[in-house]
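Chemist: What follows is protein09.tsv, made up of TSV, C-alpha atoms:
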chain	number	residue	atom	x	y	z
A	49	MET	CA	88.74	64.86	113.09
A	50	ASN	CA	91.37	63.62	115.55
A	51	ALA	CA	92.92	61.43	112.84
A	52	VAL	CA	93.20	64.42	110.51
A	53	ALA	CA	94.75	66.49	113.27
A	54	GLU	CA	97.30	63.76	113.96
A	55	ARG	CA	98.25	63.60	110.29
A	56	LEU	CA	98.65	67.37	110.06
A	57	ARG	CA	100.60	67.65	113.30
A	58	PRO	CA	104.05	67.22	111.65
A	59	LEU	CA	103.13	69.99	109.20
A	60	THR	CA	101.61	72.38	111.73
A	61	GLY	CA	104.48	71.73	114.11
A	62	HIS	CA	107.04	73.05	111.61
A	63	ARG	CA	108.39	76.44	112.62
A	64	LEU	CA	107.72	77.92	109.15
A	65	PHE	CA	104.12	76.67	108.86
A	66	TRP	CA	102.36	79.49	110.70
A	67	PRO	CA	104.33	82.41	109.16
A	68	ALA	CA	103.80	80.89	105.70
A	69	LEU	CA	100.07	80.40	106.42
A	70	VAL	CA	99.68	84.01	107.60
A	71	LEU	CA	101.45	85.30	104.49
A	72	LEU	CA	99.21	83.17	102.27
A	73	VAL	CA	96.06	84.41	104.02
A	74	MET	CA	97.16	88.03	103.59
A	75	ILE	CA	97.81	87.47	99.88
A	76	LEU	CA	94.39	85.83	99.44
A	77	ALA	CA	92.70	88.68	101.33
A	78	ASN	CA	94.39	91.24	99.11
A	79	THR	CA	93.40	89.27	96.04
A	80	VAL	CA	89.75	89.33	97.11
A	81	HIS	CA	89.95	93.07	97.78
A	82	ARG	CA	91.87	93.78	94.57
A	83	PRO	CA	91.48	91.15	91.83
A	84	GLY	CA	94.60	92.43	90.07
A	85	PHE	CA	96.81	91.93	93.11
A	86	LEU	CA	98.45	88.79	91.69
A	87	ALA	CA	98.84	90.21	88.18
A	88	VAL	CA	102.45	90.24	86.94
A	89	GLU	CA	103.42	91.53	83.52
A	90	VAL	CA	106.61	92.01	81.55
A	91	LYS	CA	107.42	95.48	80.21
A	92	ASN	CA	110.65	96.15	78.33
A	93	GLY	CA	112.05	92.88	79.62
A	94	GLN	CA	111.27	93.70	83.28
A	95	LEU	CA	108.71	92.22	85.65
A	96	TYR	CA	106.11	94.57	87.12
A	97	GLY	CA	103.25	94.02	89.52
A	98	THR	CA	102.22	94.37	93.14
A	99	LEU	CA	103.92	91.14	94.17
A	100	VAL	CA	107.13	92.26	92.49
A	101	ASP	CA	106.91	95.59	94.32
A	102	ILE	CA	106.45	93.80	97.64
A	103	LEU	CA	109.56	91.73	97.00
A	104	ARG	CA	111.58	94.78	95.96
A	105	LEU	CA	110.47	96.93	98.88
A	106	SER	CA	111.04	94.13	101.38
A	107	ALA	CA	114.65	93.60	100.23
A	108	PRO	CA	116.18	96.23	102.60
A	109	LEU	CA	114.19	94.86	105.54
A	110	ILE	CA	115.27	91.31	104.70
A	111	LEU	CA	118.92	92.39	104.74
A	112	VAL	CA	118.62	94.18	108.08
A	113	ALA	CA	116.61	91.30	109.58
A	114	LEU	CA	119.22	88.73	108.51
A	115	GLY	CA	121.90	90.51	110.52
A	116	MET	CA	119.47	91.04	113.38
A	117	THR	CA	118.71	87.30	113.44
A	118	LEU	CA	122.34	86.42	114.10
A	119	VAL	CA	122.64	89.09	116.79
A	120	ILE	CA	119.47	87.91	118.55
A	121	ALA	CA	120.61	84.30	118.24
A	122	THR	CA	123.59	85.17	120.46
A	123	GLY	CA	121.24	86.66	123.04
A	124	GLY	CA	121.86	90.27	121.99
A	125	ILE	CA	120.02	93.04	120.17
A	126	ASP	CA	121.12	95.70	117.68
A	127	LEU	CA	119.16	98.94	117.85
A	128	SER	CA	121.67	100.83	115.72
A	129	VAL	CA	120.88	99.28	112.33
A	130	GLY	CA	118.60	102.15	111.33
A	131	SER	CA	121.32	104.70	112.03
A	132	LEU	CA	123.83	102.53	110.15
A	133	CYS	CA	121.50	102.56	107.12
A	134	ALA	CA	121.41	106.37	107.29
A	135	ILE	CA	125.19	106.69	107.70
A	136	SER	CA	126.08	104.34	104.86
A	137	GLY	CA	123.61	106.00	102.50
A	138	ALA	CA	124.79	109.47	103.50
A	139	VAL	CA	128.48	108.68	102.99
A	140	ALA	CA	127.84	107.07	99.59
A	141	CYS	CA	125.61	109.87	98.33
A	142	LEU	CA	128.00	112.56	99.62
A	143	HIS	CA	130.91	111.11	97.68
A	144	ILE	CA	128.84	110.71	94.52
A	145	SER	CA	127.42	114.25	94.78
A	146	GLU	CA	130.94	115.72	94.92
A	147	ALA	CA	132.16	113.78	91.87
A	148	SER	CA	132.42	115.44	88.47
A	149	ASP	CA	130.91	112.37	86.76
A	150	GLN	CA	128.22	110.79	88.90
A	151	ASP	CA	127.60	108.03	86.36
A	152	SER	CA	131.17	106.81	86.50
A	153	PRO	CA	131.35	103.20	87.75
A	154	SER	CA	134.60	103.93	89.60
A	155	THR	CA	132.92	106.80	91.46
A	156	VAL	CA	130.02	104.63	92.54
A	157	LEU	CA	132.26	101.73	93.55
A	158	THR	CA	134.48	104.05	95.58
A	159	ALA	CA	131.43	105.53	97.30
A	160	LEU	CA	130.13	102.06	98.14
A	161	ALA	CA	133.53	100.99	99.48
A	162	LEU	CA	133.85	104.08	101.69
A	163	ALA	CA	130.33	103.71	103.07
A	164	PHE	CA	130.70	99.97	103.58
A	165	GLY	CA	133.99	100.47	105.39
A	166	ALA	CA	132.46	103.09	107.68
A	167	ALA	CA	129.61	100.70	108.53
A	168	LEU	CA	132.05	97.89	109.33
A	169	VAL	CA	134.01	100.17	111.66
A	170	LEU	CA	130.83	101.14	113.50
A	171	GLY	CA	129.73	97.50	113.66
A	172	ALA	CA	133.11	96.66	115.17
A	173	TRP	CA	132.52	99.44	117.69
A	174	ASN	CA	129.28	97.75	118.76
A	175	GLY	CA	131.09	94.43	118.95
A	176	VAL	CA	133.83	95.84	121.17
A	177	LEU	CA	131.32	97.43	123.54
A	178	VAL	CA	129.37	94.18	123.91
A	179	ALA	CA	131.99	91.44	123.60
A	180	VAL	CA	135.08	93.11	125.06
A	181	ILE	CA	133.89	95.76	127.50
A	182	GLY	CA	130.79	93.80	128.51
A	183	ILE	CA	128.14	96.50	128.13
A	184	GLN	CA	124.61	95.15	127.77
A	185	PRO	CA	123.71	94.93	124.05
A	186	ILE	CA	120.59	97.10	124.33
A	187	ILE	CA	122.63	99.91	125.93
A	188	ALA	CA	125.68	99.54	123.68
A	189	THR	CA	123.65	99.68	120.46
A	190	LEU	CA	121.35	102.39	121.83
A	191	ILE	CA	124.43	104.62	122.04
A	192	LEU	CA	125.10	104.25	118.33
A	193	MET	CA	121.39	104.46	117.54
A	194	VAL	CA	121.34	108.00	118.96
A	195	ALA	CA	124.88	109.11	118.07
A	196	GLY	CA	124.74	107.48	114.64
A	197	ARG	CA	121.68	109.45	113.63
A	198	GLY	CA	123.55	112.60	114.62
A	199	LEU	CA	126.59	111.41	112.67
A	200	ALA	CA	124.44	110.92	109.58
A	201	GLN	CA	123.11	114.46	110.01
A	202	LEU	CA	126.69	115.68	110.36
A	203	VAL	CA	127.69	114.00	107.10
A	204	THR	CA	124.77	115.57	105.23
A	205	GLU	CA	125.10	118.87	107.17
A	206	GLY	CA	121.41	118.61	108.01
A	207	GLN	CA	120.43	118.75	104.35
A	208	ILE	CA	119.02	116.22	101.89
A	209	ILE	CA	121.78	115.21	99.47
A	210	THR	CA	120.36	114.54	96.02
A	211	ILE	CA	122.26	112.71	93.32
A	212	ASN	CA	121.71	111.80	89.68
A	213	SER	CA	123.65	108.59	89.25
A	214	GLY	CA	122.28	105.83	87.06
A	215	PRO	CA	124.55	103.05	88.39
A	216	TYR	CA	123.74	103.93	92.00
A	217	ARG	CA	120.01	104.17	91.28
A	218	ALA	CA	120.17	100.68	89.80
A	219	ILE	CA	120.91	99.27	93.26
A	220	GLY	CA	117.37	100.02	94.31
A	221	LEU	CA	115.46	100.27	91.05
A	222	GLY	CA	117.52	98.31	88.53
A	223	HIS	CA	116.63	94.94	87.01
A	224	PHE	CA	118.67	91.89	86.08
A	225	LEU	CA	117.23	88.91	84.22
A	226	THR	CA	113.78	90.60	84.46
A	227	LEU	CA	113.95	90.61	88.29
A	228	PRO	CA	114.62	93.65	90.50
A	229	LEU	CA	118.31	93.83	91.38
A	230	ALA	CA	117.45	94.54	95.03
A	231	VAL	CA	115.63	91.20	95.26
A	232	LEU	CA	118.61	89.35	93.82
A	233	VAL	CA	120.99	91.06	96.25
A	234	ALA	CA	118.77	90.17	99.22
A	235	LEU	CA	118.44	86.58	97.95
A	236	ALA	CA	122.21	86.28	97.51
A	237	ALA	CA	122.79	87.63	101.03
A	238	ALA	CA	120.26	85.19	102.51
A	239	LEU	CA	121.85	82.24	100.69
A	240	LEU	CA	125.34	83.34	101.76
A	241	VAL	CA	124.36	83.66	105.42
A	242	ALA	CA	122.50	80.34	105.25
A	243	ALA	CA	125.55	78.65	103.69
A	244	PHE	CA	127.84	79.84	106.47
A	245	THR	CA	125.43	79.10	109.32
A	246	ARG	CA	123.84	75.86	108.12
A	247	ARG	CA	126.60	74.23	106.06
A	248	THR	CA	129.39	74.90	108.55
A	249	ALA	CA	129.74	74.74	112.31
A	250	LEU	CA	129.27	78.51	112.61
A	251	GLY	CA	125.50	78.27	113.03
A	252	LEU	CA	125.82	75.70	115.82
A	253	ILE	CA	128.44	77.88	117.53
A	254	VAL	CA	126.18	80.93	117.33
A	255	GLU	CA	123.29	78.95	118.82
A	256	SER	CA	125.47	77.57	121.61
A	257	VAL	CA	126.70	81.06	122.50
A	258	GLY	CA	123.13	82.32	122.59
A	259	GLY	CA	122.00	79.38	124.68
A	260	ASN	CA	124.74	79.74	127.28
A	261	ALA	CA	127.77	81.92	126.55
A	262	GLU	CA	129.66	80.87	129.70
A	263	ALA	CA	129.16	77.17	129.05
A	264	SER	CA	130.28	77.68	125.46
A	265	ARG	CA	133.43	79.43	126.69
A	266	LEU	CA	134.20	76.58	129.05
A	267	ALA	CA	133.70	74.16	126.16
A	268	GLY	CA	136.44	75.92	124.20
A	269	ILE	CA	134.33	78.29	122.08
A	270	ARG	CA	135.60	81.85	122.00
A	271	SER	CA	132.25	83.47	122.67
A	272	GLY	CA	133.62	87.00	122.53
A	273	ARG	CA	134.83	86.57	118.96
A	274	VAL	CA	131.51	85.12	117.87
A	275	ILE	CA	129.56	87.99	119.44
A	276	PHE	CA	131.95	90.52	117.88
A	277	LEU	CA	131.50	88.88	114.46
A	278	VAL	CA	127.69	88.95	114.46
A	279	TYR	CA	127.62	92.70	115.17
A	280	VAL	CA	129.99	93.30	112.26
A	281	VAL	CA	127.80	91.15	110.00
A	282	SER	CA	124.72	93.05	111.18
A	283	ALA	CA	126.40	96.35	110.27
A	284	ALA	CA	127.33	95.01	106.83
A	285	CYS	CA	123.72	93.98	106.16
A	286	ALA	CA	122.50	97.39	107.34
A	287	ALA	CA	124.95	99.11	104.99
A	288	LEU	CA	123.59	97.19	101.99
A	289	ALA	CA	120.06	98.09	103.05
A	290	GLY	CA	121.09	101.75	103.34
A	291	PHE	CA	122.34	101.71	99.76
A	292	MET	CA	118.98	100.38	98.57
A	293	MET	CA	116.98	102.91	100.61
A	294	THR	CA	118.87	105.91	99.29
A	295	ALA	CA	119.05	104.52	95.75
A	296	ASN	CA	115.26	104.20	95.65
A	297	VAL	CA	114.87	107.98	96.07
A	298	SER	CA	118.27	109.09	94.66
A	299	SER	CA	118.92	111.07	97.83
A	300	ALA	CA	120.20	110.74	101.38
A	301	ASP	CA	118.27	112.12	104.35
A	302	GLY	CA	120.21	111.61	107.56
A	303	ASN	CA	117.06	112.08	109.63
A	304	ALA	CA	114.61	109.86	107.76
A	305	ALA	CA	116.68	107.11	106.10
A	306	GLY	CA	116.25	103.83	107.94
A	307	LEU	CA	114.05	105.40	110.59
A	308	TRP	CA	112.52	102.69	112.85
A	309	VAL	CA	113.72	99.90	110.55
A	310	GLU	CA	115.30	98.28	113.61
A	311	LEU	CA	111.84	97.74	115.08
A	312	ASP	CA	110.52	96.17	111.88
A	313	ALA	CA	113.61	93.94	111.76
A	314	ILE	CA	113.03	92.75	115.33
A	315	LEU	CA	109.39	92.06	114.51
A	316	ALA	CA	110.40	90.10	111.40
A	317	VAL	CA	112.79	87.99	113.46
A	318	VAL	CA	110.19	87.31	116.15
A	319	ILE	CA	107.46	86.52	113.63
A	320	GLY	CA	109.88	84.11	111.98
A	321	GLY	CA	110.11	82.09	115.18
A	322	THR	CA	113.50	83.15	116.58
A	323	SER	CA	113.45	83.57	120.35
A	324	LEU	CA	114.59	86.90	121.79
A	325	ALA	CA	116.24	84.89	124.60
A	326	GLY	CA	118.83	83.61	122.13
A	327	GLY	CA	119.70	80.12	120.98
A	328	ARG	CA	118.04	78.55	117.95
A	329	PHE	CA	117.23	80.79	115.00
A	330	SER	CA	115.47	80.50	111.66
A	331	LEU	CA	116.70	82.43	108.63
A	332	GLY	CA	113.79	81.20	106.51
A	333	GLY	CA	111.36	82.39	109.17
A	334	THR	CA	113.04	85.79	109.20
A	335	VAL	CA	112.60	86.17	105.45
A	336	LEU	CA	108.93	85.19	105.78
A	337	GLY	CA	108.53	87.67	108.64
A	338	ALA	CA	109.96	90.49	106.52
A	339	LEU	CA	107.61	89.59	103.66
A	340	ILE	CA	104.66	89.56	106.08
A	341	ILE	CA	105.51	93.04	107.35
A	342	GLN	CA	105.90	94.48	103.85
A	343	THR	CA	102.71	92.77	102.64
A	344	LEU	CA	100.92	94.19	105.67
A	345	THR	CA	102.24	97.67	104.89
A	346	THR	CA	101.08	97.36	101.28
A	347	SER	CA	97.67	96.12	102.45
A	348	VAL	CA	97.28	99.07	104.83
A	349	TYR	CA	97.97	101.52	102.01
A	350	SER	CA	95.60	99.72	99.62
A	351	LEU	CA	92.79	99.87	102.21
A	352	ASN	CA	93.24	103.66	102.48
A	353	ILE	CA	93.81	103.44	106.23
A	354	SER	CA	94.89	106.81	107.57
A	355	PRO	CA	98.55	107.13	108.65
A	356	GLN	CA	97.40	107.92	112.19
A	357	THR	CA	95.77	104.49	112.58
A	358	ALA	CA	98.02	102.47	110.26
A	359	LEU	CA	100.60	101.79	112.95
A	360	LEU	CA	97.90	100.64	115.38
A	361	PHE	CA	96.43	98.32	112.76
A	362	LYS	CA	99.89	96.97	112.04
A	363	ALA	CA	100.56	96.36	115.73
A	364	VAL	CA	97.29	94.46	116.18
A	365	VAL	CA	98.02	92.20	113.22
A	366	VAL	CA	101.58	91.51	114.39
A	367	ILE	CA	100.34	90.60	117.87
A	368	ALA	CA	97.77	88.25	116.34
A	369	VAL	CA	100.47	86.59	114.20
A	370	CYS	CA	102.74	86.09	117.21
A	371	LEU	CA	99.90	84.56	119.24
A	372	ILE	CA	98.86	82.24	116.42
A	373	GLN	CA	102.34	80.78	116.06
A	374	SER	CA	102.97	80.56	119.81
A	375	PRO	CA	102.87	76.86	120.88
A	376	ALA	CA	101.99	77.84	124.47
A	377	PHE	CA	99.04	79.97	123.33
A	378	ARG	CA	97.75	77.26	120.99
A	379	ALA	CA	98.06	74.61	123.72
A	380	ARG	CA	96.18	76.79	126.20
A	381	PHE	CA	93.50	77.50	123.59
A	382	ARG	CA	93.09	73.78	122.89
A	383	ARG	CA	92.81	72.99	126.62
A	384	ARG	CA	90.18	75.66	127.11
A	385	ARG	CA	88.28	74.48	124.05
A	386	GLY	CA	88.45	70.89	125.31
A	387	ALA	CA	87.14	71.97	128.69
A	388	THR	CA	84.13	73.73	127.19
A	389	THR	CA	83.37	71.10	124.55
A	390	PRO	CA	82.59	67.64	126.03
A	391	GLY	CA	83.97	64.62	124.25
A	392	PRO	CA	81.83	61.76	122.84
A	393	ALA	CA	82.13	59.68	126.02
A	394	ALA	CA	81.17	62.58	128.26
A	395	ALA	CA	78.22	63.42	126.04
A	396	ARG	CA	77.04	59.79	126.11
A	397	ARG	CA	77.24	59.64	129.93
A	398	LYS	CA	75.33	62.87	130.20
A	399	LYS	CA	72.63	61.50	127.92
A	400	GLU	CA	72.33	58.32	130.01
A	401	GLN	CA	71.84	60.39	133.17
A	402	VAL	CA	68.82	62.19	131.72
A	403	PRO	CA	65.60	60.50	133.05
A	404	ALA	CA	63.21	59.08	130.49
Starting from the file, give its structure as structure tokens.
Modeler:
Amino acid sequence: MNAVAERLRPLTGHRLFWPALVLLVMILANTVHRPGFLAVEVKNGQLYGTLVDILRLSAPLILVALGMTLVIATGGIDLSVGSLCAISGAVACLHISEASDQDSPSTVLTALALAFGAALVLGAWNGVLVAVIGIQPIIATLILMVAGRGLAQLVTEGQIITINSGPYRAIGLGHFLTLPLAVLVALAAALLVAAFTRRTALGLIVESVGGNAEASRLAGIRSGRVIFLVYVVSAACAALAGFMMTANVSSADGNAAGLWVELDAILAVVIGGTSLAGGRFSLGGTVLGALIIQTLTTSVYSLNISPQTALLFKAVVVIAVCLIQSPAFRARFRRRRGATTPGPAAARRKKEQVPA
């Protein structure tokens, strides 16, 4: 048994092992509960199935969590991503709703550019508050979390803006090469972020700033610029997610769009193994964390768990996942198990002490 454990230690010690194992267990449990869970079929040249739906619905969360990963890696936090999703979706849908031809590609592209620009400006606002003025990240982004939701309501005038635009709807529901377009966009964003952070020195700089911003500054790294940049990137990711959220329902609701997505994004980052204290981060773990959360949500709905208890069930599972992948918790569990279970030598000595 010890030999097997030693051989598996390099595998179990990998930061992606436990999130991947949890995701696999959840998929197997769903398959047992619903035999057709893994079924995937092609209709009209498009893939359909529960797994495909999980990937498509997790795409907005993956985008938000990617930006959140970089922010947390610098030792910060961004609570405004949900409001940024609502603002970007509201601005895009407002422009499309006022156009004479909602199916015009130029109309949709202009709407996306306006909304994306607004998100970048607000992301820069967060960056200035944190990197230049020196406000604590949780307070700086909390300001936009509250004010941004009000701004989204102001854009929509407190109403739900409905649109009927095929090109815009394709962002959330369209397909390309049989795969959902949202999945491809999320995959492209993940690969782009990974290329910049793992194939260049940017990732190492982000980790050094998160580990010790003052030491990084003394070493010649302009920490303020790095922190400013990650908040802008986080806003850009949130804007893309906002487009998907509103495209899925062909409407913009300033009050409901992106509501509490910041909490799911933080959970995805933590489940993926990134420390909230900053420093080293894992983009692959973040993607796995987002898939775990969406699979868990789908499982809750399939089990007919009432909405009142669904959040509690979700919280319990997330806590269990975090404990399972915690090295400190596993080490303490092994020590306690070793203390209660005597080894072969101890058992032999105990047997020798028993009188005949």
Chemist: I'd like the neighbourhood of Ala179 in chain A as a PDB file with C-alpha atoms, keeping the file's coordinate frame, where a residue qualifies if any of its atoms comes within 6 Å (using all atoms listed in the file), though same-chain residues fewer than 5 positions away should be ignored.
Modeler:
ATOM      1  CA  GLY A 272     133.620  87.000 122.530  1.00  0.00           C
ATOM      2  CA  ILE A 275     129.560  87.990 119.440  1.00  0.00           C
ATOM      3  CA  PHE A 276     131.950  90.520 117.880  1.00  0.00           C
TER       4      PHE A 276
END
Chemist: Please identify every residue of range 145-180 of chain A that has at least one atom no farther than 10 Å from an atom of range 185-189 of chain A, counting only C-alpha atoms, and for each give the shortest atom pair and the distance in Å to one decimal, arranged by chain then increasing number, as CSV.
Modeler:
residue,atom,partner,partner_atom,distance
A:Gly171,CA,A:Thr189,CA,9.4
A:Trp173,CA,A:Ala188,CA,9.1
A:Asn174,CA,A:Thr189,CA,6.2
A:Gly175,CA,A:Ala188,CA,8.8
A:Val176,CA,A:Ala188,CA,9.3
A:Leu177,CA,A:Ala188,CA,6.0
A:Val178,CA,A:Pro185,CA,5.7
A:Ala179,CA,A:Pro185,CA,9.0
Chemist: Could you tell me, as a PyMOL selection string, which residues have any atom at most 12 Å from (107.7, 96.0, 99.5), counting only C-alpha atoms?
Modeler: chain A and resi 97-110+220+228+230-231+293+296+338-347+349
Chemist: How close does each residue of range 265-324 of chain A get to range 204-214 of chain A, giving the shortest atom pair and distance in Å to one decimal for every residue with an atom at most 12 Å away, counting all atoms listed in the file, sorted by chain and residue number, as a Markdown table?
Modeler:
| residue | atom | partner | partner_atom | distance |
| --- | --- | --- | --- | --- |
| A:Thr294 | CA | A:Thr210 | CA | 9.3 |
| A:Ala295 | CA | A:Ser213 | CA | 8.9 |
| A:Asn296 | CA | A:Gly214 | CA | 11.2 |
| A:Val297 | CA | A:Thr210 | CA | 8.6 |
| A:Ser298 | CA | A:Ile211 | CA | 5.6 |
| A:Ser299 | CA | A:Thr210 | CA | 4.2 |
| A:Ala300 | CA | A:Ile209 | CA | 5.1 |
| A:Asp301 | CA | A:Ile208 | CA | 4.8 |
| A:Gly302 | CA | A:Thr204 | CA | 6.5 |
| A:Asn303 | CA | A:Gly206 | CA | 8.0 |
| A:Ala304 | CA | A:Ile208 | CA | 9.7 |
| A:Ala305 | CA | A:Ile208 | CA | 10.3 |
Chemist: Nearest residue to Phe329 in chain A out of A:Ala163, A:Ala68, A:Ile253, A:Ile191, using all atoms listed in the file?
Modeler: A:Ile253
Chemist: Could you tell me which of A:Leu351, A:Ala376, A:Leu360, A:Leu315 comes closest to Thr117 in chain A if we count only C-alpha atoms?
Modeler: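 Closest to Thr117 in chain A of all the choices is A:Leu315.
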Chemist: Nearest to Leu190 in chain A: which of A:Val129, A:Ile135, A:Leu168, A:Leu225 is it, counting only C-alpha atoms?
Modeler: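 Closest to Leu190 in chain A of all the choices is A:Val129.
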Chemist: Just to confirm, what's the straight-line distance from CA of Leu71 in chain A to CA of Gly333 in chain A in Å (one decimal)?
Modeler: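 Value for the CA of Leu71 in chain A-CA of Gly333 in chain A distance: 11.3 Å.
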Chemist: Provide the CA of Leu64 in chain A to CA of Leu359 in chain A distance in Å, to one decimal place.
Modeler: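 These atoms are spaced 25.2 Å apart.
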Chemist: Near Gly258 in chain A, counting all atoms listed in the file, which residues have an atom at most 8 Å away, once you skip same-chain residues fewer than 5 positions from it, shown as a PyMOL selection string?
Modeler: chain A and resi 120-123+325-328
Chemist: Now that the selection is made, can you save its residues with C-alpha atoms as a short mmCIF file (atom, residue, chain, number, x, y, z; two decimals), keeping the file's coordinate frame?
Modeler:
data_model
loop_
_atom_site.label_atom_id
_atom_site.label_comp_id
_atom_site.auth_asym_id
_atom_site.auth_seq_id
_atom_site.Cartn_x
_atom_site.Cartn_y
_atom_site.Cartn_z
CA ILE A 120 119.47 87.91 118.55
CA ALA A 121 120.61 84.30 118.24
CA THR A 122 123.59 85.17 120.46
CA GLY A 123 121.24 86.66 123.04
CA ALA A 325 116.24 84.89 124.60
CA GLY A 326 118.83 83.61 122.13
CA GLY A 327 119.70 80.12 120.98
CA ARG A 328 118.04 78.55 117.95
#
Chemist: If I put a ball of radius 12 Å at (106.4, 87.5, 117.2) in the file's coordinates, which residues poke into it when counting only C-alpha atoms, written as a PyMOL selection string?
Modeler: chain A and resi 66-67+311-324+333-334+336-338+340-341+363-375
Chemist: Just how far from CA of Gly137 in chain A is CA of Val156 in chain A, in Å to one decimal?
Modeler: 11.9 Å
Chemist: Could you list, as a compact mmCIF listing (two decimals) with C-alpha atoms, in the frame of the given file, every residue within 8 Å of Thr155 in chain A, counting all atoms listed in the file and ignoring same-chain residues fewer than 5 positions away?
Modeler:
# COMPACT_ATOMS: atom_id res chain seq x y z
CA HIS A 143 130.91 111.11 97.68
CA ILE A 144 128.84 110.71 94.52
CA ALA A 147 132.16 113.78 91.87
CA ASP A 149 130.91 112.37 86.76
CA GLN A 150 128.22 110.79 88.90
Chemist: Pick out the closest residue to Lys362 in chain A from this set: A:Leu157, A:Val169, A:Ile183, A:Val348. Count only C-alpha atoms.
Modeler: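 Closest candidate: A:Val348.
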Chemist: Which of these residues is nearest to Ala167 in chain A, using all atoms listed in the file: A:Phe377, A:Phe291, A:Trp308, A:Phe361?
Modeler: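 Comparing A:Phe377, A:Phe291, A:Trp308, A:Phe361 against Ala167 in chain A, the winner is A:Phe291.
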Chemist: Find the residue from A:Ala113, A:Cys141, A:Ala218, A:Leu192 that sits nearest to Ser330 in chain A; use all atoms listed in the file when measuring.
Modeler: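 Closest to Ser330 in chain A, using all atoms listed in the file: A:Ala113.
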Chemist: Is it possible to add N, CA, C and O atoms to range 359-370 of chain A and hand it back as a JSON list (two decimals), in the frame of the given file?
Modeler:
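What ended up in result.json:
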[["chain", "number", "residue", "atom", "x", "y", "z"],
["A", 359, "LEU", "N", 99.68, 102.44, 112.03],
["A", 359, "LEU", "CA", 100.60, 101.79, 112.95],
["A", 359, "LEU", "C", 99.86, 100.93, 113.98],
["A", 359, "LEU", "O", 100.31, 99.85, 114.34],
["A", 360, "LEU", "N", 98.70, 101.42, 114.44],
["A", 360, "LEU", "CA", 97.90, 100.64, 115.38],
["A", 360, "LEU", "C", 97.38, 99.38, 114.73],
["A", 360, "LEU", "O", 97.43, 98.29, 115.31],
["A", 361, "PHE", "N", 96.90, 99.49, 113.50],
["A", 361, "PHE", "CA", 96.43, 98.32, 112.76],
["A", 361, "PHE", "C", 97.56, 97.32, 112.56],
["A", 361, "PHE", "O", 97.38, 96.11, 112.73],
["A", 362, "LYS", "N", 98.72, 97.83, 112.25],
["A", 362, "LYS", "CA", 99.89, 96.97, 112.04],
["A", 362, "LYS", "C", 100.27, 96.24, 113.32],
["A", 362, "LYS", "O", 100.57, 95.04, 113.31],
["A", 363, "ALA", "N", 100.22, 96.96, 114.45],
["A", 363, "ALA", "CA", 100.56, 96.36, 115.73],
["A", 363, "ALA", "C", 99.59, 95.25, 116.10],
["A", 363, "ALA", "O", 99.99, 94.18, 116.59],
["A", 364, "VAL", "N", 98.30, 95.47, 115.86],
["A", 364, "VAL", "CA", 97.29, 94.46, 116.18],
["A", 364, "VAL", "C", 97.52, 93.19, 115.36],
["A", 364, "VAL", "O", 97.45, 92.07, 115.88],
["A", 365, "VAL", "N", 97.80, 93.36, 114.08],
["A", 365, "VAL", "CA", 98.02, 92.20, 113.22],
["A", 365, "VAL", "C", 99.27, 91.43, 113.64],
["A", 365, "VAL", "O", 99.28, 90.20, 113.69],
["A", 366, "VAL", "N", 100.34, 92.16, 113.97],
["A", 366, "VAL", "CA", 101.58, 91.51, 114.39],
["A", 366, "VAL", "C", 101.37, 90.73, 115.68],
["A", 366, "VAL", "O", 101.85, 89.60, 115.83],
["A", 367, "ILE", "N", 100.63, 91.30, 116.62],
["A", 367, "ILE", "CA", 100.34, 90.60, 117.87],
["A", 367, "ILE", "C", 99.55, 89.32, 117.58],
["A", 367, "ILE", "O", 99.82, 88.25, 118.15],
["A", 368, "ALA", "N", 98.57, 89.43, 116.69],
["A", 368, "ALA", "CA", 97.77, 88.25, 116.34],
["A", 368, "ALA", "C", 98.64, 87.17, 115.72],
["A", 368, "ALA", "O", 98.50, 85.98, 116.02],
["A", 369, "VAL", "N", 99.57, 87.57, 114.84],
["A", 369, "VAL", "CA", 100.47, 86.59, 114.20],
["A", 369, "VAL", "C", 101.33, 85.89, 115.24],
["A", 369, "VAL", "O", 101.51, 84.66, 115.21],
["A", 370, "CYS", "N", 101.88, 86.67, 116.17],
["A", 370, "CYS", "CA", 102.74, 86.09, 117.21],
["A", 370, "CYS", "C", 101.97, 85.12, 118.10],
["A", 370, "CYS", "O", 102.48, 84.07, 118.50]]
